[in-house]
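To keep things clear, I will list the structure first and then write my remarks on it.
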Amino acid sequence: MIPEIGLFALILALAVALVQGTLPMIGAARGHDAWMASAVPTAILQLAFALAAFLALMHAYVTSDFTVVNVALNSNSAMPMLYKISATWGNHEGSMLLWVVILAVFGAAVALFGGNLPPALRARVLSVQAWIAIGFLTFSLFTSNPFERVFPPPLDGNDLNPLLQDPGLAFHPPMLYMGYVGFSIAFSFAIAALIEGRVDAAWARWVRPWTLAAWCFLTGGIALGSWWAYYELGWGGWWFWDPVENVSFMPWLMGTALLHSAIVVEKRDALKSWTILLAILTFSLSLIGTFVVRSGLLTSVHAFATDPERGLFILALLVVTIGGSLILYAVRAPALKAGGLFAPVSREGGLILNNLLLSVACATVFLGTMYPLIAETFGYKATVGAPFFNLTFLPIMTPLVAAMALGPFLSWKRTDLAGVVGRLKFAFLAAILATAITLYMQQGPVIPVLAMGLAVWLFAGAVIEWSGRIKLFQTAPGDSLRRAIGLPRSAHGMTLAHAGMAVVIAGMVASSTWKVEEILIMRPGDTTSVAGYDYRLEKVERIKGPNYISDTATITVTRDGKAVTEQKPEKRIYTVQNTPTTEAAIYTTALADLYTAIGDPDGKGGQTVRIFFEPLVPWIWIGSLMMMLGGVISLSDRRLRVGAPRRKRPPTLAAAQA
Amino acid sequence: MSATAKDTIKDGIVARRLIYLAPILFFVVVSGYFLWGLNPERDPRVLPSVMIDKPAPEFTAGPLAGTAVPGLATADLKSGQVTLFNVFASWCIPCRAEHPFLMDLAQRGEVAIFGLNYKNKPEEASAWLRDLGNPYTRIGTDEKGRIGIDWGVSGVPETFVIDGTGRIRYRHWGPIDKDALERTILPLIEELRG
């Protein structure tokens with residue numbers, strides 16, 4: 001009964017989306033207030049129906065209702081409750097439903113908190129949002145119905161892919177989707193602006209918080225996915241340049257560019273048509289990301305739920321959405337008036353450099369990801385691996401990071417570069433010092449050593465800019481504190497995010513360069529030494545979990561005879577699907593991870609043991625958290641706060657109408 | 001305003017319009033690729049089989065420094081024994097995924113596994129094999145990827161089944177997994193032996 005209610009709710013959501021996609025749009029064109037206002041209740045109703053459908057599916061999972069095909073294929077009565085719940089979106093149909101729900105959440109948020117938007121703009125934005133929903137709802141209903149029944153029901157379910165039975169991956173898809181789908185708001189705003197033929201500072205101010213929110217989620221989603229790959233795949237790596245990873249990274253690069261170019265639109269009324277294009281491209285890449293993962297278009301080491309049949313439907317959806325919006329862009333964007341003038345060395349110039357480099361970086365990733373497909377049309381097959389990306393991506397990121405420290409010092413319109421460089425002399429000294437220390441401690445190749453210096457340069461640059469604004473050490477501590485409190489939250493947020501980026505870079509560079517990896521066969525009682533730590537394999541036991549059997553090793557780690565930790569890496573066999581998974585044991589210190597994983601027994605009483613010493617890896621996650629937190633703090637800035645009360649009529653609006 | 005000046009302005013506007021058209025034109029090309037890629041008969045894992053049943057290309061590859069096993073040449077593939085010819089590189093993540101299967105196969109000793117180290121620095125490859133174990137009885141180095149071209153290697157890993165006379169009988173693209181090993185490769189080896 002409940003699954004049928006779910007299906008019914010999904011159909012109703014589509015019906016409501018059809019109304020939401022047409023009435024307000026026509027109303028906005030004709031200046032019909034009541035029609036425009038209909039966007040708000042329909043957006044909220046759409047959320048209610050989509051959520052009802054989602055909860056109905058979740059109910060089927062929680063109660064292990066195996067009469068529903070989707071549940072029978074992806075769940076099992078022996079699974080822990082957390083994974084029964086996360087299995088709701090751990091499959092193709094359910095994840096599409098989650099997509100639709102998140103889309104509706106964002107739509108309803110615009111409806112509820114967009115009270116200060118001009119009514120016509122809000123109506124158009126919500127209508128465009130509904131068009132996207134119509135696409136995905138029809139896709140869900142016609143090709144991926146999650147509520148299909150099976151009779152007779154199987155005795156027990158097929159179990160969730162064991163790799164997905166993991167707390168990190170339980171929350172990875174929702175986070176990632178919040179990011180992907182969040183960019184739909186920027187997209188809808190861009191389309192609405194093109195239809196209206198007007199982009200002004202007020203528009204940019206409304207778009208920025210949504211973009212920032214989406215960016216925070218996407219940052220978190222990618223970091224979570226990378227963290228999962230790190231501890232679950234047992235290879236000790238955190239990024240593999242796999243197509244699945246790349247397609248989530250591209251919207252991030254574009255979204256980051258959008259975040260920065262929108263500032264120029266808001267403050268200086270320039271870069272309008274570029275910003276519109278970025279908004280379209282960012283969401284387009286999110287759609288392509290969703291598409292590539294599911295279509296079987298590219299081979300990937302850890303893709304799931306691929307199905308070329310559905311691919312055609314999604315491709316049609318992509319062509320309509322992306323193609324349609326880009327045609328609209330080609331027709332309407334040339335009419336957008338260009339704004340303020342500025343010198344090349346200025347904050348605008350810096351942000352353009354940021355956009356340029358991020359776009360080129362994104363294009364590189366796009367090319368590398370799509371190259372196997374392109375090569376195939378020319379009759380040969382190719383794989384593109386880490387060497388390509390390291391060779392092309394790093395040279396682009398280096399100037400970006402170098403300039404990132406300078407950027408916040410630049411003032412609008414024109415800047416005296418010599419003055420800025422002067423203020424950064426301490427950052428430069430810190431970078432030199434860091435390079436020297438790295439060289440002293442680790443020796444090793446030149447480029448990573450310099451890269452560590454670059455990370456310190458960025459970190460120091462961010463801190464100096466911040467402390468300059470609060471006059472740290474130049475005035476009484478109380479005065480500095482007062483200034484810090486008075487500083488806009490977006491300034492704190494930017495500093496934190498930029499510093500976070502520096503921390504991430506340091507973690508990435510150090511862990512890829514100075515990682516120590518040891519793979520060997522050990523028997524109980526054997527010891528080995530890796531990077532100054534002594535590992536002793538105590539025993540390997542067979543343990544029975546709820547839906548798996550585990551070989552759990554106990555490894556004691558000592559350093560100079562002093563106990564450090566005891567690690568319990570596991571090799572699990574999930575009995576229903578007979579699939580092995582690796583559960584690495586990780587001991588984190590502030591400076592490194594001690595990472596152990598076990599492989600197969602050698603049949604002679606020995607066990608393959610993989611021991612990694614991963615320097616600074618925790619910094620990647622700490623830095624990602626700092627970036628997310630920086631975004632959240634910026635979001636709480638009064639000027640950006642969604643639905644913050646208006647003190648007075650924004651002067652920019654009047655200027656735009658003049 | 002003179003006619004030429006007007007034309008110049010007009011040209012400028014046309015050029016401007018064209019720039020705005022660039023994104024959609026680019027997308028048309030991309031979606032063309034997507035459409036082509038979705039052809040249900042296309043499986044990115046299956047390769048054109050021009051090499052099948054042809055003699056293996058002539059080549060001589062020097063040994064991989066840092067390992068104890070000898071190098072590899074075409075003559076080694078004509079030993080009268082069925083062999084596996086596996087193309088690998090230390091930078092390739094799928095190679096890592098298939099490596100345990102190769103180790104397992106090597107331990108069983110049913111078939112000799114020859115490796116071609118493709119576009120890889122010798123010191124990185126030998127370190128990789130030291131860490132993970134060496135399943136190969138012979139390894140040829142192909143640092144520049146020249147031998148790979150003759151074999152039609154498109155990416156790593158790739159595995160060829162060679163019969164005793166040095167002819168290519170099967171080609172597997174991508175990492176070998178349990179399925180491929182048990183359903184295709186091992187039965188084929190049995191068949192070629194029998």
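Please note that chains go A, B, ... in the order of the structure tokens, that every chain numbers its residues from 1, and that ligands are numbered from 1 in the order shown.
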Near-range 39-45 of chain A list (9 Å; only C-alpha atoms; drop same-chain fewer than 5 positions) as an NGL selection string = :A and (13 or 16-17 or 19-21 or 23-25 or 50 or 104-105 or 107-112 or 122-124 or 126-127 or 129-130)
Tell me, as a list in words, which residues lie within 10 Å of Thr165 in chain B, counting only C-alpha atoms; anything in the same chain fewer than 6 positions away does not count.
-> Pro55, Ala56, Ala75, Asp76, Leu77, Lys78, Ser79, Gly80, Gln81 and Val82 of chain B
Mind checking which residues fall within 8 Å of Gly133 in chain B, counting only C-alpha atoms, ignoring those fewer than 4 positions away in the same chain, and posting them as number ranges by chain?
-> B: 103, 128-129
Run DSSP on the backbone of this structure and report the residues of range 61-114 of chain B it assigns to alpha helix (DSSP H), as number ranges by chain.
-> B: 93-108
Those residues you just picked out, can you put them in a file as a short mmCIF file (atom, residue, chain, number, x, y, z; two decimals), in the first residue's frame with N, CA, C and O atoms?
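Okay, out-v8.cif is ready:
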data_model
loop_
_atom_site.label_atom_id
_atom_site.label_comp_id
_atom_site.auth_asym_id
_atom_site.auth_seq_id
_atom_site.Cartn_x
_atom_site.Cartn_y
_atom_site.Cartn_z
N ILE B 93 45.97 2.50 -11.96
CA ILE B 93 45.23 2.00 -10.80
C ILE B 93 44.53 0.67 -11.08
O ILE B 93 44.58 -0.25 -10.27
N PRO B 94 43.89 0.51 -12.25
CA PRO B 94 43.27 -0.80 -12.50
C PRO B 94 44.29 -1.95 -12.47
O PRO B 94 43.93 -3.08 -12.13
N CYS B 95 45.58 -1.64 -12.82
CA CYS B 95 46.60 -2.69 -12.75
C CYS B 95 46.72 -3.22 -11.33
O CYS B 95 46.94 -4.40 -11.08
N ARG B 96 46.61 -2.29 -10.40
CA ARG B 96 46.68 -2.64 -9.00
C ARG B 96 45.52 -3.56 -8.63
O ARG B 96 45.67 -4.49 -7.85
N ALA B 97 44.36 -3.26 -9.24
CA ALA B 97 43.18 -4.05 -8.94
C ALA B 97 43.32 -5.47 -9.47
O ALA B 97 42.88 -6.42 -8.85
N GLU B 98 43.98 -5.61 -10.64
CA GLU B 98 44.07 -6.95 -11.22
C GLU B 98 45.28 -7.72 -10.68
O GLU B 98 45.37 -8.93 -10.84
N HIS B 99 46.19 -7.00 -10.04
CA HIS B 99 47.45 -7.62 -9.63
C HIS B 99 47.28 -8.87 -8.76
O HIS B 99 47.94 -9.88 -9.01
N PRO B 100 46.37 -8.85 -7.76
CA PRO B 100 46.21 -10.06 -6.94
C PRO B 100 45.82 -11.29 -7.77
O PRO B 100 46.24 -12.39 -7.46
N PHE B 101 45.03 -11.07 -8.85
CA PHE B 101 44.62 -12.20 -9.68
C PHE B 101 45.81 -12.78 -10.42
O PHE B 101 45.94 -13.99 -10.58
N LEU B 102 46.70 -11.90 -10.86
CA LEU B 102 47.91 -12.37 -11.54
C LEU B 102 48.80 -13.12 -10.57
O LEU B 102 49.37 -14.16 -10.90
N MET B 103 48.91 -12.59 -9.34
CA MET B 103 49.73 -13.26 -8.32
C MET B 103 49.19 -14.65 -8.05
O MET B 103 49.93 -15.63 -7.96
N ASP B 104 47.87 -14.71 -7.93
CA ASP B 104 47.20 -15.97 -7.65
C ASP B 104 47.49 -16.97 -8.78
O ASP B 104 47.84 -18.12 -8.56
N LEU B 105 47.37 -16.47 -10.01
CA LEU B 105 47.59 -17.30 -11.19
C LEU B 105 49.04 -17.79 -11.23
O LEU B 105 49.32 -18.95 -11.54
N ALA B 106 49.96 -16.89 -10.89
CA ALA B 106 51.37 -17.25 -10.90
C ALA B 106 51.67 -18.31 -9.85
O ALA B 106 52.46 -19.22 -10.08
N GLN B 107 51.00 -18.16 -8.70
CA GLN B 107 51.25 -19.14 -7.64
C GLN B 107 50.75 -20.51 -8.03
O GLN B 107 51.33 -21.52 -7.67
N ARG B 108 49.64 -20.54 -8.76
CA ARG B 108 49.11 -21.83 -9.21
C ARG B 108 50.03 -22.47 -10.24
O ARG B 108 50.00 -23.68 -10.45
#
Find the residues near Ile113 in chain B: any atom within 9 Å, counting only C-alpha atoms, skip ones fewer than 4 places away on the same chain, and give them as number ranges by chain.
-> B: 83-86, 102, 105-106, 135-139
Please, could you write that set of residues out with N, CA and C atoms as a tab-separated table (two decimals), in the first residue's frame?
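result.tsv was written with the following content:
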chain	number	residue	atom	x	y	z
B	83	THR	N	50.91	-18.93	-23.16
B	83	THR	CA	51.39	-17.89	-22.24
B	83	THR	C	50.39	-16.73	-22.17
B	84	LEU	N	50.51	-16.00	-21.08
B	84	LEU	CA	49.74	-14.76	-20.96
B	84	LEU	C	50.71	-13.60	-21.15
B	85	PHE	N	50.27	-12.64	-21.94
B	85	PHE	CA	51.09	-11.45	-22.18
B	85	PHE	C	50.33	-10.28	-21.57
B	86	ASN	N	50.86	-9.74	-20.47
B	86	ASN	CA	50.13	-8.73	-19.71
B	86	ASN	C	50.85	-7.39	-19.78
B	102	LEU	N	46.70	-11.90	-10.86
B	102	LEU	CA	47.91	-12.37	-11.54
B	102	LEU	C	48.80	-13.12	-10.57
B	105	LEU	N	47.37	-16.47	-10.01
B	105	LEU	CA	47.59	-17.30	-11.19
B	105	LEU	C	49.04	-17.79	-11.23
B	106	ALA	N	49.96	-16.89	-10.89
B	106	ALA	CA	51.37	-17.25	-10.90
B	106	ALA	C	51.67	-18.31	-9.85
B	135	PRO	N	54.52	-11.35	-10.42
B	135	PRO	CA	53.92	-12.56	-10.97
B	135	PRO	C	54.54	-12.97	-12.30
B	136	TYR	N	55.45	-12.16	-12.84
B	136	TYR	CA	55.94	-12.39	-14.20
B	136	TYR	C	57.22	-13.22	-14.20
B	137	THR	N	57.33	-14.11	-15.19
B	137	THR	CA	58.57	-14.86	-15.33
B	137	THR	C	59.51	-14.17	-16.32
B	138	ARG	N	58.93	-13.31	-17.15
B	138	ARG	CA	59.75	-12.46	-18.02
B	138	ARG	C	59.10	-11.09	-18.08
B	139	ILE	N	59.91	-10.06	-18.10
B	139	ILE	CA	59.35	-8.72	-18.23
B	139	ILE	C	60.14	-7.96	-19.29
Please identify which residues in chain B DSSP calls strand (DSSP E) from the backbone, and express them as an NGL selection string.
-> :B and (60-61 or 72-73 or 83-88 or 112-118 or 138-142 or 158-162 or 168-173)
Output N, CA and C atoms for every residue in that selection, as a compact mmCIF listing (two decimals), in the first residue's frame.
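Result saved to result_29.txt:
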# COMPACT_ATOMS: atom_id res chain seq x y z
N THR B 60 61.70 -7.04 -29.47
CA THR B 60 62.65 -7.46 -28.45
C THR B 60 62.66 -6.36 -27.40
N ALA B 61 62.39 -6.74 -26.17
CA ALA B 61 62.34 -5.74 -25.11
C ALA B 61 63.32 -6.13 -24.02
N LEU B 72 62.14 -9.84 -22.68
CA LEU B 72 61.10 -10.54 -23.42
C LEU B 72 61.26 -10.25 -24.90
N ALA B 73 61.07 -11.30 -25.73
CA ALA B 73 61.10 -11.09 -27.18
C ALA B 73 60.08 -12.03 -27.81
N THR B 83 50.91 -18.93 -23.16
CA THR B 83 51.39 -17.89 -22.24
C THR B 83 50.39 -16.73 -22.17
N LEU B 84 50.51 -16.00 -21.08
CA LEU B 84 49.74 -14.76 -20.96
C LEU B 84 50.71 -13.60 -21.15
N PHE B 85 50.27 -12.64 -21.94
CA PHE B 85 51.09 -11.45 -22.18
C PHE B 85 50.33 -10.28 -21.57
N ASN B 86 50.86 -9.74 -20.47
CA ASN B 86 50.13 -8.73 -19.71
C ASN B 86 50.85 -7.39 -19.78
N VAL B 87 50.12 -6.36 -20.20
CA VAL B 87 50.69 -5.02 -20.29
C VAL B 87 50.34 -4.27 -19.01
N PHE B 88 51.35 -3.75 -18.33
CA PHE B 88 51.08 -3.11 -17.04
C PHE B 88 51.94 -1.87 -16.85
N ALA B 112 52.52 -19.52 -17.79
CA ALA B 112 53.58 -18.52 -17.63
C ALA B 112 53.00 -17.15 -17.94
N ILE B 113 53.31 -16.16 -17.10
CA ILE B 113 52.83 -14.81 -17.34
C ILE B 113 54.02 -13.94 -17.70
N PHE B 114 53.95 -13.34 -18.89
CA PHE B 114 54.97 -12.41 -19.33
C PHE B 114 54.41 -11.00 -19.20
N GLY B 115 55.26 -10.10 -18.77
CA GLY B 115 54.79 -8.73 -18.60
C GLY B 115 55.46 -7.78 -19.58
N LEU B 116 54.71 -6.78 -20.02
CA LEU B 116 55.30 -5.69 -20.77
C LEU B 116 55.06 -4.43 -19.96
N ASN B 117 56.16 -3.86 -19.49
CA ASN B 117 56.05 -2.65 -18.66
C ASN B 117 55.95 -1.45 -19.57
N TYR B 118 54.76 -0.85 -19.58
CA TYR B 118 54.38 0.10 -20.62
C TYR B 118 54.48 1.54 -20.13
N ARG B 138 58.93 -13.31 -17.15
CA ARG B 138 59.75 -12.46 -18.02
C ARG B 138 59.10 -11.09 -18.08
N ILE B 139 59.91 -10.06 -18.10
CA ILE B 139 59.35 -8.72 -18.23
C ILE B 139 60.14 -7.96 -19.29
N GLY B 140 59.43 -7.39 -20.25
CA GLY B 140 60.07 -6.52 -21.22
C GLY B 140 59.75 -5.08 -20.86
N THR B 141 60.72 -4.18 -21.08
CA THR B 141 60.41 -2.77 -20.81
C THR B 141 60.07 -2.08 -22.12
N ASP B 142 59.07 -1.26 -22.05
CA ASP B 142 58.61 -0.51 -23.22
C ASP B 142 58.38 0.91 -22.74
N GLU B 158 46.19 -4.53 -20.14
CA GLU B 158 45.64 -5.31 -21.23
C GLU B 158 46.32 -6.68 -21.19
N THR B 159 45.59 -7.70 -21.54
CA THR B 159 46.14 -9.04 -21.43
C THR B 159 45.84 -9.83 -22.70
N PHE B 160 46.86 -10.47 -23.24
CA PHE B 160 46.69 -11.29 -24.43
C PHE B 160 46.96 -12.74 -24.07
N VAL B 161 46.18 -13.65 -24.64
CA VAL B 161 46.48 -15.07 -24.49
C VAL B 161 47.17 -15.50 -25.78
N ILE B 162 48.39 -16.06 -25.63
CA ILE B 162 49.20 -16.45 -26.79
C ILE B 162 49.32 -17.97 -26.80
N ILE B 168 48.28 -14.70 -31.33
CA ILE B 168 47.39 -14.09 -30.34
C ILE B 168 46.03 -14.75 -30.46
N ARG B 169 45.53 -15.29 -29.37
CA ARG B 169 44.25 -15.97 -29.45
C ARG B 169 43.13 -15.22 -28.74
N TYR B 170 43.50 -14.34 -27.83
CA TYR B 170 42.46 -13.62 -27.11
C TYR B 170 43.07 -12.34 -26.56
N ARG B 171 42.22 -11.33 -26.48
CA ARG B 171 42.69 -10.06 -25.95
C ARG B 171 41.69 -9.57 -24.91
N HIS B 172 42.19 -9.26 -23.74
CA HIS B 172 41.32 -8.74 -22.69
C HIS B 172 41.73 -7.32 -22.38
N TRP B 173 40.75 -6.42 -22.45
CA TRP B 173 41.05 -5.02 -22.17
C TRP B 173 40.62 -4.68 -20.76
Have a look at B:Gly66, B:Glu124, B:Val153, B:Lys144 and name the one nearest to chain A; count only C-alpha atoms.
->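 Answer, going by the shortest atom-to-atom distance: B:Val153.
Neighbours of Ala170 in chain A closer than or equal to 9 Å, with only C-alpha atoms counted and sequence neighbours fewer than 6 positions away skipped, come out as Leu82, Tyr83, Ile85, Ser86, Ala87, Trp89, Gly90 and Leu164 of chain A.
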Those residues with N, CA and C atoms, as a compact mmCIF listing (two decimals), in the first residue's frame please?
# COMPACT_ATOMS: atom_id res chain seq x y z
N LEU A 82 21.35 1.53 9.74
CA LEU A 82 21.92 2.67 9.01
C LEU A 82 21.98 2.39 7.51
N TYR A 83 22.40 1.16 7.16
CA TYR A 83 22.57 0.84 5.75
C TYR A 83 21.26 0.52 5.08
N ILE A 85 18.69 2.27 5.70
CA ILE A 85 18.25 3.62 5.34
C ILE A 85 19.07 4.15 4.15
N SER A 86 20.39 4.00 4.23
CA SER A 86 21.21 4.57 3.16
C SER A 86 21.05 3.79 1.87
N ALA A 87 20.60 2.54 1.95
CA ALA A 87 20.36 1.77 0.72
C ALA A 87 19.27 2.41 -0.11
N TRP A 89 19.10 5.32 -1.13
CA TRP A 89 19.73 6.07 -2.23
C TRP A 89 21.00 5.41 -2.74
N GLY A 90 21.27 4.20 -2.28
CA GLY A 90 22.48 3.50 -2.74
C GLY A 90 22.24 2.72 -4.01
N LEU A 164 29.36 -0.14 -0.51
CA LEU A 164 28.55 1.01 -0.11
C LEU A 164 28.10 0.90 1.35
Tell me the residues of chain B close to chain A, meaning within 7 Å using only C-alpha atoms, as a list of chain:residue names.
->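 The selection requested is B:Arg17, B:Tyr20, B:Leu21, B:Pro23, B:Ile24, B:Phe27, B:Gly37, B:Leu38, B:Pro40, B:Pro44, B:Trp91, B:Cys92, B:Pro94, B:Asp131, B:Leu132, B:Ser154, B:Gly155, B:Val156.
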Name the closest residue to Ile26 in chain A among the candidates A:Gly368, A:Val128, A:Ser64, A:Val540; distances are taken between atoms, counting only C-alpha atoms.
->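 Ranked by minimum distance to Ile26 in chain A, first place goes to A:Val128.
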Could you tell me how far CA of Lys539 in chain A lies from CA of Met522 in chain A, in Å and to one decimal?
->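 These two atoms are separated by 10.1 Å.
The residue that comes closest to Ala127 in chain B, out of B:Gly32, B:Pro175, B:Ile149, B:Leu64 and on the basis of only C-alpha atoms, is B:Leu64.
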For CA of Ala431 in chain A and CA of Met501 in chain A, quote the distance in Å rounded to one decimal.
->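 Taking CA of Ala431 in chain A and CA of Met501 in chain A, their separation equals 15.3 Å.
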Point-to-point distance from CA of Val207 in chain A to CA of Ser284 in chain A, Å rounded to tenths |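 CA of Val207 in chain A sits 16.6 Å away from CA of Ser284 in chain A.
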Residues within 10 Å of Ser529 in chain A, only C-alpha atoms, excluding chain neighbours under 2 positions, as a PyMOL selection string = chain A and resi 518+527+531-536+557-559+611
Would you mind exporting C-alpha atoms of the selected residues as an mmCIF file, in the first residue's frame?
data_model
loop_
_atom_site.group_PDB
_atom_site.id
_atom_site.type_symbol
_atom_site.label_atom_id
_atom_site.label_comp_id
_atom_site.auth_asym_id
_atom_site.auth_seq_id
_atom_site.Cartn_x
_atom_site.Cartn_y
_atom_site.Cartn_z
ATOM 1 C CA GLU A 518 55.344 -1.706 2.352
ATOM 2 C CA THR A 527 57.590 -7.685 12.835
ATOM 3 C CA ALA A 531 58.993 4.931 8.537
ATOM 4 C CA GLY A 532 60.272 4.532 12.083
ATOM 5 C CA TYR A 533 57.268 2.633 13.403
ATOM 6 C CA ASP A 534 57.496 -1.075 14.258
ATOM 7 C CA TYR A 535 54.552 -3.241 13.284
ATOM 8 C CA ARG A 536 53.963 -6.655 14.799
ATOM 9 C CA VAL A 557 52.441 -0.595 16.522
ATOM 10 C CA THR A 558 55.344 0.631 18.603
ATOM 11 C CA ARG A 559 57.886 3.355 18.203
ATOM 12 C CA ILE A 611 51.405 -0.957 5.596
#
